[in-house]
Amino acid sequence: MKRHHLPLIPLLLLLASCGGKTQQRGPQTPEAGYVVVASQSVPLDIELAGRTTAYETSEVRPQVNGVIRARRFVEGSVVRQGQALYEIDPSLYQAAAAQAQANVANAQASYAAAQAKAARYKPLADIEAVSKQDYTDALAAAKQAAAQIAQNKAALQTANINLRYTRVPAPIGGRIGRSMVTTGALVTSGQATALTTIERLDPMFVDIQQSSAEIVALRRELSSGGATAAAAPVQLVLEDGSPYPHLGQIEFAEAIVDPSTGSVTLRARFPNPQGLLLPGMFVRARLSQAIAQNAILVPQQAVSRDPRGNATVYVVDPDNKAALRAITAGRTVGDKWLVTSGLAAGDRVITEGLDRVKPGQAVRPVPAGSPERQGPPGGGRGRGRPGSSPA
């Protein structure tokens with residue numbers, strides 16, 4: 001009977017040995033990678049939609065009536081200010097100017113005769129050789145003749161202006177559009193249809209739309225002292241997604257809200273030496289309207305949301321335990337969350353190993369990005385990446 005029980009002894013010793021090893025492999029303290037947050041000044045960048053607008057636009061209209069005799073420009077070309085664009089038949093206006101010139105000469109001759117008569121009557125009136133009334137009438141006639149000269153000179157000036165308007169000049173310099181009239185067309189002063197349109201395209205305006213709610217929030221933050229106004233340049237992103245090579249500056253913001261869109265228009269000016277921007281283009285504008293003071297940035301992977309949507313992070317407390325902290329994170333700046341409350345400079349925020357961290361649990365903090373420690377022989381595990389499963 002004793003020989004039958006002897007083979008069980010090695011088996012019991014083996015099981016006891018395995019049980020001892022199992023008790024020695026207790027749970028390991030999880031490793032948590034952290035970053036130390038610091039307060040800093042952060043520009044609050046926004047990206048808004050906008051449309052390009054010509055810096056100057058002029059609709060060319062005739063100032064006198066007549067028939068177009070010639071067109072002096074190439075459609076789509078660049079014209080300079082004062083350049084003649086159209087010629088209106090000047091015949092009638094040349095005749096009117098000649099008549100006005102003749103009227104001036106006639107008035108000057110009448111004035112000379114009246115002035116001489118008044119001069120002769122003066123000594124005769126003094127010795128009562130002629131009546132004082134005759135002298136008074138002669139003097140008044142001379143003054144009327146002088147006034148007639150001034151009146152005819154004004155008519156001559158008007159006639160010369162109308163004659164000059166038979167050559168229709170460019171009011172501004174810029175790129176000219178297509179002509180809406182041809183040679184031989186009858187045009188009239190003040191007509192509704194423009195002869196052509198000129199647009200100055202360098203520089204260019206970009207009208208940017210920003211919601212009134214965003215502006216109110218920005219002004220409230222500026223008034224509270226949490227941010228200061230910024231005058232950073234504006235960057236443009238074109239319709240094809242490429243960046244525009246030149247930076248612009250905000251010129252002004254309108255003082256009214258568009259009731260149909262609930263937005264306010266901001267106008268920025270951009271240089272356009274290559275003519276890349278054309279009026280009516282849709283663009284995206286990136287700008288910084290304010291700088292947040294004493295702001296704290298936290299990597300996005302460190303922030304999670306509870307069922308109510310509130311933002312939370314894990315921090316390492318002085319006892320090297322994980323503490324769940326509620327924060328306020330309303331916007332992102334690059335790849336980080338901007339935290340306005342809930343954290344202080346110097347806090348250690350856990351960014352790695354979050355899948356094995358629980359509130360109040362002891363952790364082994366290491367700087368984020370450190371090489372992962374391999375588990376000890378027998379099954380210990382190192383730090384996991386956010387969202388990864390344990391190895």
# chains A, B, ... in the order shown; residues from 1 in each chain; ligands from 1
>>> residues_around(residues="region 311-326 of chain A", least_positions_apart="6", cutoff="9 Å", atoms="only C-alpha atoms", output="PyMOL selection string")
chain A and resi 32+34+302-305+341-343+347-351+354+357-365
>>> select_by_dssp(residues="region 37-157 of chain A", states="strand (DSSP E)", output="number ranges by chain")
A: 39-60, 66-71, 78-79, 84-88
>>> write_last_selection(atoms="N, CA, C and O atoms", output="CSV table (one decimal), in the first residue's frame")
chain,number,residue,atom,x,y,z
A,39,SER,N,1.4,78.1,-17.7
A,39,SER,CA,0.6,79.2,-18.2
A,39,SER,C,1.4,79.9,-19.2
A,39,SER,O,2.7,80.1,-19.1
A,40,GLN,N,0.8,80.4,-20.3
A,40,GLN,CA,1.5,81.1,-21.4
A,40,GLN,C,0.4,82.0,-22.1
A,40,GLN,O,-0.8,81.9,-21.9
A,41,SER,N,1.0,82.9,-22.9
A,41,SER,CA,0.1,83.7,-23.8
A,41,SER,C,-0.1,83.0,-25.1
A,41,SER,O,0.8,82.5,-25.8
A,42,VAL,N,-1.4,82.8,-25.4
A,42,VAL,CA,-1.8,82.0,-26.6
A,42,VAL,C,-2.6,82.8,-27.5
A,42,VAL,O,-3.7,83.4,-27.1
A,43,PRO,N,-2.2,83.0,-28.8
A,43,PRO,CA,-3.1,83.7,-29.7
A,43,PRO,C,-4.3,82.9,-30.1
A,43,PRO,O,-4.2,81.7,-30.3
A,44,LEU,N,-5.5,83.5,-30.1
A,44,LEU,CA,-6.7,82.8,-30.3
A,44,LEU,C,-7.0,83.0,-31.8
A,44,LEU,O,-7.6,83.9,-32.3
A,45,ASP,N,-6.6,82.0,-32.6
A,45,ASP,CA,-6.8,82.0,-34.0
A,45,ASP,C,-8.2,81.5,-34.4
A,45,ASP,O,-8.8,80.6,-33.8
A,46,ILE,N,-8.7,82.1,-35.4
A,46,ILE,CA,-10.0,81.7,-36.0
A,46,ILE,C,-9.9,81.6,-37.5
A,46,ILE,O,-9.0,82.3,-38.1
A,47,GLU,N,-10.8,80.9,-38.1
A,47,GLU,CA,-10.8,80.8,-39.6
A,47,GLU,C,-12.2,81.1,-40.0
A,47,GLU,O,-13.2,80.4,-39.6
A,48,LEU,N,-12.4,82.1,-40.9
A,48,LEU,CA,-13.7,82.6,-41.3
A,48,LEU,C,-13.7,82.6,-42.8
A,48,LEU,O,-12.7,82.7,-43.5
A,49,ALA,N,-15.0,82.6,-43.3
A,49,ALA,CA,-15.2,82.7,-44.8
A,49,ALA,C,-15.2,84.1,-45.2
A,49,ALA,O,-15.6,85.0,-44.4
A,50,GLY,N,-14.8,84.3,-46.4
A,50,GLY,CA,-14.8,85.7,-47.0
A,50,GLY,C,-14.8,85.7,-48.5
A,50,GLY,O,-14.7,84.6,-49.1
A,51,ARG,N,-15.1,86.9,-49.0
A,51,ARG,CA,-15.1,87.1,-50.5
A,51,ARG,C,-14.2,88.3,-50.8
A,51,ARG,O,-14.2,89.3,-50.1
A,52,THR,N,-13.6,88.2,-52.0
A,52,THR,CA,-12.7,89.3,-52.4
A,52,THR,C,-13.5,90.4,-53.1
A,52,THR,O,-14.6,90.1,-53.7
A,53,THR,N,-13.1,91.6,-52.9
A,53,THR,CA,-13.7,92.8,-53.5
A,53,THR,C,-12.6,93.7,-54.0
A,53,THR,O,-11.6,93.8,-53.4
A,54,ALA,N,-12.9,94.3,-55.2
A,54,ALA,CA,-11.9,95.2,-55.7
A,54,ALA,C,-11.7,96.4,-54.8
A,54,ALA,O,-12.6,96.9,-54.1
A,55,TYR,N,-10.5,96.9,-54.8
A,55,TYR,CA,-10.1,98.0,-53.9
A,55,TYR,C,-10.9,99.3,-54.4
A,55,TYR,O,-11.3,100.1,-53.5
A,56,GLU,N,-11.0,99.5,-55.7
A,56,GLU,CA,-11.7,100.6,-56.2
A,56,GLU,C,-12.5,100.1,-57.4
A,56,GLU,O,-12.0,99.3,-58.2
A,57,THR,N,-13.7,100.6,-57.6
A,57,THR,CA,-14.5,100.2,-58.8
A,57,THR,C,-15.2,101.5,-59.3
A,57,THR,O,-15.7,102.3,-58.6
A,58,SER,N,-15.1,101.7,-60.6
A,58,SER,CA,-15.6,102.9,-61.3
A,58,SER,C,-16.4,102.5,-62.5
A,58,SER,O,-15.9,101.8,-63.4
A,59,GLU,N,-17.7,102.9,-62.6
A,59,GLU,CA,-18.5,102.7,-63.8
A,59,GLU,C,-18.4,104.0,-64.6
A,59,GLU,O,-18.7,105.0,-64.2
A,60,VAL,N,-17.9,103.8,-65.9
A,60,VAL,CA,-17.6,104.9,-66.8
A,60,VAL,C,-18.9,105.3,-67.5
A,60,VAL,O,-19.6,104.4,-68.1
A,66,GLY,N,-24.1,112.5,-77.4
A,66,GLY,CA,-23.5,112.4,-78.7
A,66,GLY,C,-23.3,111.0,-79.2
A,66,GLY,O,-23.8,110.1,-78.5
A,67,VAL,N,-22.7,110.9,-80.3
A,67,VAL,CA,-22.4,109.6,-81.0
A,67,VAL,C,-21.0,109.2,-80.7
A,67,VAL,O,-20.0,110.0,-80.9
A,68,ILE,N,-20.8,107.9,-80.3
A,68,ILE,CA,-19.4,107.4,-80.1
A,68,ILE,C,-18.7,107.4,-81.5
A,68,ILE,O,-19.2,106.7,-82.4
A,69,ARG,N,-17.6,108.1,-81.5
A,69,ARG,CA,-16.8,108.1,-82.8
A,69,ARG,C,-15.7,107.1,-82.8
A,69,ARG,O,-15.3,106.5,-83.8
A,70,ALA,N,-15.1,106.8,-81.6
A,70,ALA,CA,-14.0,105.8,-81.5
A,70,ALA,C,-13.9,105.3,-80.1
A,70,ALA,O,-14.3,105.9,-79.1
A,71,ARG,N,-13.3,104.1,-80.0
A,71,ARG,CA,-13.0,103.5,-78.7
A,71,ARG,C,-11.5,103.4,-78.6
A,71,ARG,O,-10.8,102.9,-79.6
A,78,VAL,N,-5.0,96.9,-68.8
A,78,VAL,CA,-4.9,97.8,-67.7
A,78,VAL,C,-4.8,99.2,-68.2
A,78,VAL,O,-4.0,99.5,-69.1
A,79,VAL,N,-5.6,100.1,-67.7
A,79,VAL,CA,-5.6,101.5,-68.1
A,79,VAL,C,-5.1,102.4,-67.0
A,79,VAL,O,-5.2,102.0,-65.8
A,84,ALA,N,-7.8,108.4,-72.2
A,84,ALA,CA,-9.0,108.5,-73.0
A,84,ALA,C,-9.5,107.1,-73.4
A,84,ALA,O,-8.8,106.3,-73.9
A,85,LEU,N,-10.8,106.9,-73.1
A,85,LEU,CA,-11.4,105.6,-73.4
A,85,LEU,C,-12.3,105.7,-74.6
A,85,LEU,O,-12.3,104.7,-75.4
A,86,TYR,N,-13.1,106.7,-74.7
A,86,TYR,CA,-14.0,106.9,-75.9
A,86,TYR,C,-13.9,108.3,-76.4
A,86,TYR,O,-13.5,109.2,-75.6
A,87,GLU,N,-14.2,108.5,-77.6
A,87,GLU,CA,-14.4,109.8,-78.3
A,87,GLU,C,-15.8,110.0,-78.8
A,87,GLU,O,-16.3,109.2,-79.6
A,88,ILE,N,-16.4,111.0,-78.3
A,88,ILE,CA,-17.8,111.4,-78.8
A,88,ILE,C,-17.6,112.5,-79.8
A,88,ILE,O,-16.8,113.4,-79.7
>>> atom_distance(atom1="CA of Val35 (chain A)", atom2="CA of Leu287 (chain A)")
28.8 Å
>>> residues_around(residues="region 246-253 of chain A", least_positions_apart="6", cutoff="7 Å", atoms="only C-alpha atoms", output="VMD selection string")
chain A and resid 233 to 235 265 to 271
>>> write_last_selection(atoms="N, CA, C and O atoms", output="PDB file, in the first residue's frame")
ATOM      1  N   PRO A 233      -1.334  89.670 -38.527  1.00  0.00           N
ATOM      2  CA  PRO A 233      -1.709  89.678 -39.942  1.00  0.00           C
ATOM      3  C   PRO A 233      -2.719  88.580 -40.254  1.00  0.00           C
ATOM      4  O   PRO A 233      -2.897  87.635 -39.485  1.00  0.00           O
ATOM      5  N   VAL A 234      -3.376  88.735 -41.385  1.00  0.00           N
ATOM      6  CA  VAL A 234      -4.393  87.783 -41.831  1.00  0.00           C
ATOM      7  C   VAL A 234      -3.808  86.920 -42.932  1.00  0.00           C
ATOM      8  O   VAL A 234      -3.160  87.428 -43.856  1.00  0.00           O
ATOM      9  N   GLN A 235      -4.042  85.612 -42.837  1.00  0.00           N
ATOM     10  CA  GLN A 235      -3.612  84.671 -43.871  1.00  0.00           C
ATOM     11  C   GLN A 235      -4.830  84.213 -44.655  1.00  0.00           C
ATOM     12  O   GLN A 235      -5.910  84.020 -44.097  1.00  0.00           O
ATOM     13  N   THR A 265     -19.339  92.199 -40.835  1.00  0.00           N
ATOM     14  CA  THR A 265     -18.323  92.152 -41.878  1.00  0.00           C
ATOM     15  C   THR A 265     -17.033  92.794 -41.392  1.00  0.00           C
ATOM     16  O   THR A 265     -17.029  93.935 -40.915  1.00  0.00           O
ATOM     17  N   LEU A 266     -15.936  92.045 -41.495  1.00  0.00           N
ATOM     18  CA  LEU A 266     -14.592  92.568 -41.260  1.00  0.00           C
ATOM     19  C   LEU A 266     -13.923  92.733 -42.622  1.00  0.00           C
ATOM     20  O   LEU A 266     -13.998  91.833 -43.461  1.00  0.00           O
ATOM     21  N   ARG A 267     -13.275  93.855 -42.836  1.00  0.00           N
ATOM     22  CA  ARG A 267     -12.615  94.091 -44.132  1.00  0.00           C
ATOM     23  C   ARG A 267     -11.107  94.088 -43.951  1.00  0.00           C
ATOM     24  O   ARG A 267     -10.563  94.822 -43.110  1.00  0.00           O
ATOM     25  N   ALA A 268     -10.425  93.242 -44.731  1.00  0.00           N
ATOM     26  CA  ALA A 268      -8.967  93.152 -44.712  1.00  0.00           C
ATOM     27  C   ALA A 268      -8.422  93.562 -46.072  1.00  0.00           C
ATOM     28  O   ALA A 268      -9.084  93.392 -47.097  1.00  0.00           O
ATOM     29  N   ARG A 269      -7.218  94.106 -46.070  1.00  0.00           N
ATOM     30  CA  ARG A 269      -6.573  94.534 -47.314  1.00  0.00           C
ATOM     31  C   ARG A 269      -5.345  93.673 -47.575  1.00  0.00           C
ATOM     32  O   ARG A 269      -4.541  93.429 -46.684  1.00  0.00           O
ATOM     33  N   PHE A 270      -5.214  93.214 -48.832  1.00  0.00           N
ATOM     34  CA  PHE A 270      -4.117  92.337 -49.224  1.00  0.00           C
ATOM     35  C   PHE A 270      -3.422  92.899 -50.461  1.00  0.00           C
ATOM     36  O   PHE A 270      -4.088  93.383 -51.386  1.00  0.00           O
ATOM     37  N   PRO A 271      -2.106  92.827 -50.512  1.00  0.00           N
ATOM     38  CA  PRO A 271      -1.420  93.160 -51.771  1.00  0.00           C
ATOM     39  C   PRO A 271      -1.728  92.090 -52.818  1.00  0.00           C
ATOM     40  O   PRO A 271      -1.901  90.913 -52.490  1.00  0.00           O
TER      41      PRO A 271
END
>>> residues_around(residues="Leu338 (chain A)", least_positions_apart="5", cutoff="10 Å", atoms="only C-alpha atoms", output="JSON, numbers by chain")
{"A": [42, 44, 292, 295, 296, 297, 298, 299, 300, 328, 329, 330, 331, 332, 333]}
>>> closest_residue(among="A:Asp306, A:Gly280, A:Arg61, A:Ala96", to="Ala159 (chain A)", atoms="only C-alpha atoms")
A:Ala96
>>> closest_atom_pairs(of="region 83-173 of chain A", to="region 189-206 of chain A", cutoff="9 Å", atoms="only C-alpha atoms", output="CSV")
residue,atom,partner,partner_atom,distance
A:Tyr86,CA,A:Leu195,CA,9.0
A:Ala170,CA,A:Ile198,CA,7.9
A:Pro171,CA,A:Ile198,CA,8.4
A:Ile172,CA,A:Ile198,CA,7.2
A:Gly173,CA,A:Arg200,CA,6.4
>>> write_last_selection(atoms="N, CA, C and O atoms", output="CSV table (one decimal), in the first residue's frame")
chain,number,residue,atom,x,y,z
A,86,TYR,N,-13.1,106.7,-74.7
A,86,TYR,CA,-14.0,106.9,-75.9
A,86,TYR,C,-13.9,108.3,-76.4
A,86,TYR,O,-13.5,109.2,-75.6
A,170,ALA,N,-10.5,107.8,-68.2
A,170,ALA,CA,-10.6,106.8,-67.1
A,170,ALA,C,-10.6,107.5,-65.8
A,170,ALA,O,-9.6,108.2,-65.5
A,171,PRO,N,-11.6,107.4,-64.9
A,171,PRO,CA,-11.6,108.0,-63.6
A,171,PRO,C,-10.6,107.5,-62.7
A,171,PRO,O,-10.0,108.2,-61.8
A,172,ILE,N,-10.2,106.2,-62.8
A,172,ILE,CA,-9.2,105.6,-62.0
A,172,ILE,C,-8.4,104.7,-62.8
A,172,ILE,O,-8.7,104.3,-64.0
A,173,GLY,N,-7.2,104.3,-62.3
A,173,GLY,CA,-6.4,103.3,-63.0
A,173,GLY,C,-6.8,101.9,-62.5
A,173,GLY,O,-7.1,101.7,-61.4
>>> residues_around(residues="Gln148 (chain A)", least_positions_apart="4", cutoff="12 Å", atoms="only C-alpha atoms", output="ChimeraX atom specification")
/A:100,103-112,114,141-144,152-155
>>> write_last_selection(atoms="N, CA, C and O atoms", output="compact mmCIF listing (two decimals), in the first residue's frame")
# COMPACT_ATOMS: atom_id res chain seq x y z
N ALA A 100 -19.30 130.90 -77.82
CA ALA A 100 -19.07 131.50 -76.51
C ALA A 100 -17.85 132.41 -76.53
O ALA A 100 -17.84 133.48 -75.89
N ASN A 103 -18.93 135.67 -78.09
CA ASN A 103 -19.73 136.46 -77.15
C ASN A 103 -18.85 137.19 -76.14
O ASN A 103 -19.15 138.33 -75.74
N VAL A 104 -17.78 136.54 -75.75
CA VAL A 104 -16.84 137.21 -74.83
C VAL A 104 -16.20 138.41 -75.51
O VAL A 104 -16.09 139.51 -74.92
N ALA A 105 -15.80 138.24 -76.77
CA ALA A 105 -15.18 139.36 -77.49
C ALA A 105 -16.17 140.52 -77.66
O ALA A 105 -15.80 141.71 -77.53
N ASN A 106 -17.43 140.20 -77.99
CA ASN A 106 -18.45 141.23 -78.14
C ASN A 106 -18.67 141.99 -76.82
O ASN A 106 -18.80 143.23 -76.79
N ALA A 107 -18.74 141.25 -75.71
CA ALA A 107 -18.94 141.88 -74.41
C ALA A 107 -17.76 142.77 -74.05
O ALA A 107 -17.93 143.85 -73.45
N GLN A 108 -16.55 142.37 -74.42
CA GLN A 108 -15.38 143.18 -74.12
C GLN A 108 -15.40 144.50 -74.91
O GLN A 108 -15.03 145.56 -74.39
N ALA A 109 -15.86 144.40 -76.18
CA ALA A 109 -15.95 145.64 -76.98
C ALA A 109 -17.00 146.58 -76.40
O ALA A 109 -16.79 147.80 -76.32
N SER A 110 -18.15 146.04 -76.01
CA SER A 110 -19.20 146.88 -75.41
C SER A 110 -18.71 147.52 -74.12
O SER A 110 -19.02 148.70 -73.83
N TYR A 111 -17.95 146.80 -73.37
CA TYR A 111 -17.43 147.34 -72.11
C TYR A 111 -16.46 148.48 -72.36
O TYR A 111 -16.48 149.51 -71.65
N ALA A 112 -15.62 148.33 -73.38
CA ALA A 112 -14.65 149.39 -73.68
C ALA A 112 -15.36 150.69 -74.04
O ALA A 112 -14.97 151.79 -73.59
N ALA A 114 -18.52 151.60 -73.27
CA ALA A 114 -19.24 152.12 -72.10
C ALA A 114 -18.28 152.73 -71.10
O ALA A 114 -18.60 153.77 -70.47
N ALA A 141 -23.94 151.64 -67.36
CA ALA A 141 -23.78 150.86 -68.59
C ALA A 141 -22.40 150.21 -68.65
O ALA A 141 -22.24 149.06 -69.11
N ALA A 142 -21.38 150.91 -68.17
CA ALA A 142 -20.03 150.33 -68.15
C ALA A 142 -19.96 149.14 -67.20
O ALA A 142 -19.33 148.11 -67.50
N LYS A 143 -20.60 149.24 -66.07
CA LYS A 143 -20.59 148.11 -65.12
C LYS A 143 -21.38 146.92 -65.67
O LYS A 143 -20.99 145.77 -65.48
N GLN A 144 -22.49 147.20 -66.38
CA GLN A 144 -23.26 146.11 -66.99
C GLN A 144 -22.44 145.41 -68.05
O GLN A 144 -22.49 144.17 -68.20
N ASN A 152 -20.26 135.90 -70.10
CA ASN A 152 -19.86 135.20 -71.33
C ASN A 152 -18.62 134.35 -71.12
O ASN A 152 -18.46 133.31 -71.77
N LYS A 153 -17.73 134.78 -70.26
CA LYS A 153 -16.55 133.95 -69.96
C LYS A 153 -16.96 132.65 -69.26
O LYS A 153 -16.39 131.58 -69.51
N ALA A 154 -17.97 132.74 -68.37
CA ALA A 154 -18.46 131.52 -67.72
C ALA A 154 -19.09 130.57 -68.74
O ALA A 154 -18.90 129.35 -68.68
N ALA A 155 -19.84 131.15 -69.70
CA ALA A 155 -20.43 130.33 -70.76
C ALA A 155 -19.34 129.69 -71.61
O ALA A 155 -19.47 128.53 -72.04
>>> atom_distance(atom1="CA of Val187 (chain A)", atom2="CA of Tyr165 (chain A)")
12.4 Å
>>> select_by_dssp(residues="region 9-232 of chain A", states="alpha helix (DSSP H)", output="PyMOL selection string")
chain A and resi 9-24+91-126+132-164+212-224
>>> closest_residue(among="A:Ala140, A:Ala146, A:Leu238, A:Ala368", to="Gln301 (chain A)", atoms="only C-alpha atoms")
A:Ala368
>>> atom_distance(atom1="CA of Ile327 (chain A)", atom2="CA of Gly346 (chain A)")
15.2 Å
>>> closest_residue(among="A:Gly262, A:Gly76, A:Pro62, A:Pro245", to="Leu277 (chain A)", atoms="only C-alpha atoms")
A:Pro245
>>> residues_around(residues="Tyr135 (chain A)", least_positions_apart="2", cutoff="8 Å", atoms="only C-alpha atoms", output="PyMOL selection string")
chain A and resi 118+121-122+125+130-133+137-139
>>> closest_residue(among="A:Ala147, A:Ile161, A:Ala38, A:Ala185", to="Val64 (chain A)", atoms="only C-alpha atoms")
A:Ile161
>>> decode(residues="region 259-346 of chain A", atoms="C-alpha atoms", output="CSV table (one decimal), in the first residue's frame")
chain,number,residue,atom,x,y,z
A,259,PRO,CA,-30.1,90.9,-39.9
A,260,SER,CA,-30.4,88.3,-42.6
A,261,THR,CA,-27.2,86.4,-41.6
A,262,GLY,CA,-26.5,87.6,-38.0
A,263,SER,CA,-22.9,88.4,-38.9
A,264,VAL,CA,-20.6,91.3,-39.0
A,265,THR,CA,-18.3,92.2,-41.9
A,266,LEU,CA,-14.6,92.6,-41.3
A,267,ARG,CA,-12.6,94.1,-44.1
A,268,ALA,CA,-9.0,93.2,-44.7
A,269,ARG,CA,-6.6,94.5,-47.3
A,270,PHE,CA,-4.1,92.3,-49.2
A,271,PRO,CA,-1.4,93.2,-51.8
A,272,ASN,CA,-2.1,91.6,-55.2
A,273,PRO,CA,0.9,92.3,-57.4
A,274,GLN,CA,0.5,89.2,-59.5
A,275,GLY,CA,-3.3,89.7,-59.9
A,276,LEU,CA,-4.0,86.2,-58.4
A,277,LEU,CA,-7.0,87.5,-56.5
A,278,LEU,CA,-10.0,88.4,-58.6
A,279,PRO,CA,-13.3,90.1,-57.3
A,280,GLY,CA,-15.9,87.6,-56.1
A,281,MET,CA,-13.6,84.8,-55.2
A,282,PHE,CA,-14.5,82.6,-52.1
A,283,VAL,CA,-11.6,82.4,-49.6
A,284,ARG,CA,-10.9,81.4,-46.0
A,285,ALA,CA,-9.2,83.9,-43.7
A,286,ARG,CA,-7.1,82.9,-40.7
A,287,LEU,CA,-6.5,85.6,-38.1
A,288,SER,CA,-5.9,86.1,-34.5
A,289,GLN,CA,-8.2,88.7,-32.9
A,290,ALA,CA,-7.0,88.3,-29.3
A,291,ILE,CA,-4.2,86.8,-27.1
A,292,ALA,CA,-5.3,84.7,-24.1
A,293,GLN,CA,-3.3,85.6,-21.1
A,294,ASN,CA,-2.1,82.9,-18.6
A,295,ALA,CA,-3.6,80.2,-20.7
A,296,ILE,CA,-3.0,76.5,-20.2
A,297,LEU,CA,-2.7,74.1,-23.2
A,298,VAL,CA,-3.3,70.4,-22.7
A,299,PRO,CA,-2.7,67.6,-25.3
A,300,GLN,CA,-6.0,66.5,-26.8
A,301,GLN,CA,-5.4,62.8,-25.9
A,302,ALA,CA,-5.4,63.7,-22.2
A,303,VAL,CA,-8.9,65.1,-22.3
A,304,SER,CA,-12.0,62.9,-22.1
A,305,ARG,CA,-15.7,63.7,-21.8
A,306,ASP,CA,-18.2,62.3,-19.3
A,307,PRO,CA,-21.8,61.3,-20.3
A,308,ARG,CA,-22.9,64.9,-19.8
A,309,GLY,CA,-20.1,66.2,-22.1
A,310,ASN,CA,-18.0,67.8,-19.4
A,311,ALA,CA,-14.3,67.7,-20.0
A,312,THR,CA,-12.0,65.8,-17.5
A,313,VAL,CA,-8.4,65.0,-17.2
A,314,TYR,CA,-6.3,62.8,-14.9
A,315,VAL,CA,-3.5,64.5,-12.9
A,316,VAL,CA,-0.8,63.0,-10.7
A,317,ASP,CA,-1.3,64.3,-7.1
A,318,PRO,CA,1.5,64.9,-4.6
A,319,ASP,CA,1.1,61.3,-3.3
A,320,ASN,CA,1.6,59.9,-6.9
A,321,LYS,CA,-2.0,58.9,-7.2
A,322,ALA,CA,-4.3,59.5,-10.1
A,323,ALA,CA,-6.9,62.2,-9.5
A,324,LEU,CA,-9.8,62.9,-11.8
A,325,ARG,CA,-10.1,66.7,-12.4
A,326,ALA,CA,-13.0,68.5,-14.1
A,327,ILE,CA,-11.8,71.3,-16.5
A,328,THR,CA,-13.3,73.9,-18.8
A,329,ALA,CA,-12.0,73.4,-22.4
A,330,GLY,CA,-14.0,75.3,-24.9
A,331,ARG,CA,-11.7,75.4,-27.9
A,332,THR,CA,-8.7,73.9,-29.5
A,333,VAL,CA,-5.4,75.6,-30.4
A,334,GLY,CA,-3.6,73.4,-32.9
A,335,ASP,CA,-3.4,69.9,-31.5
A,336,LYS,CA,-4.2,71.0,-27.9
A,337,TRP,CA,-7.1,72.0,-25.8
A,338,LEU,CA,-7.2,75.5,-24.3
A,339,VAL,CA,-8.1,75.1,-20.6
A,340,THR,CA,-9.6,78.1,-18.9
A,341,SER,CA,-10.3,76.6,-15.5
A,342,GLY,CA,-9.6,73.4,-13.5
A,343,LEU,CA,-5.8,73.3,-13.9
A,344,ALA,CA,-3.0,75.4,-12.6
A,345,ALA,CA,0.6,75.8,-13.8
A,346,GLY,CA,2.8,73.0,-12.5
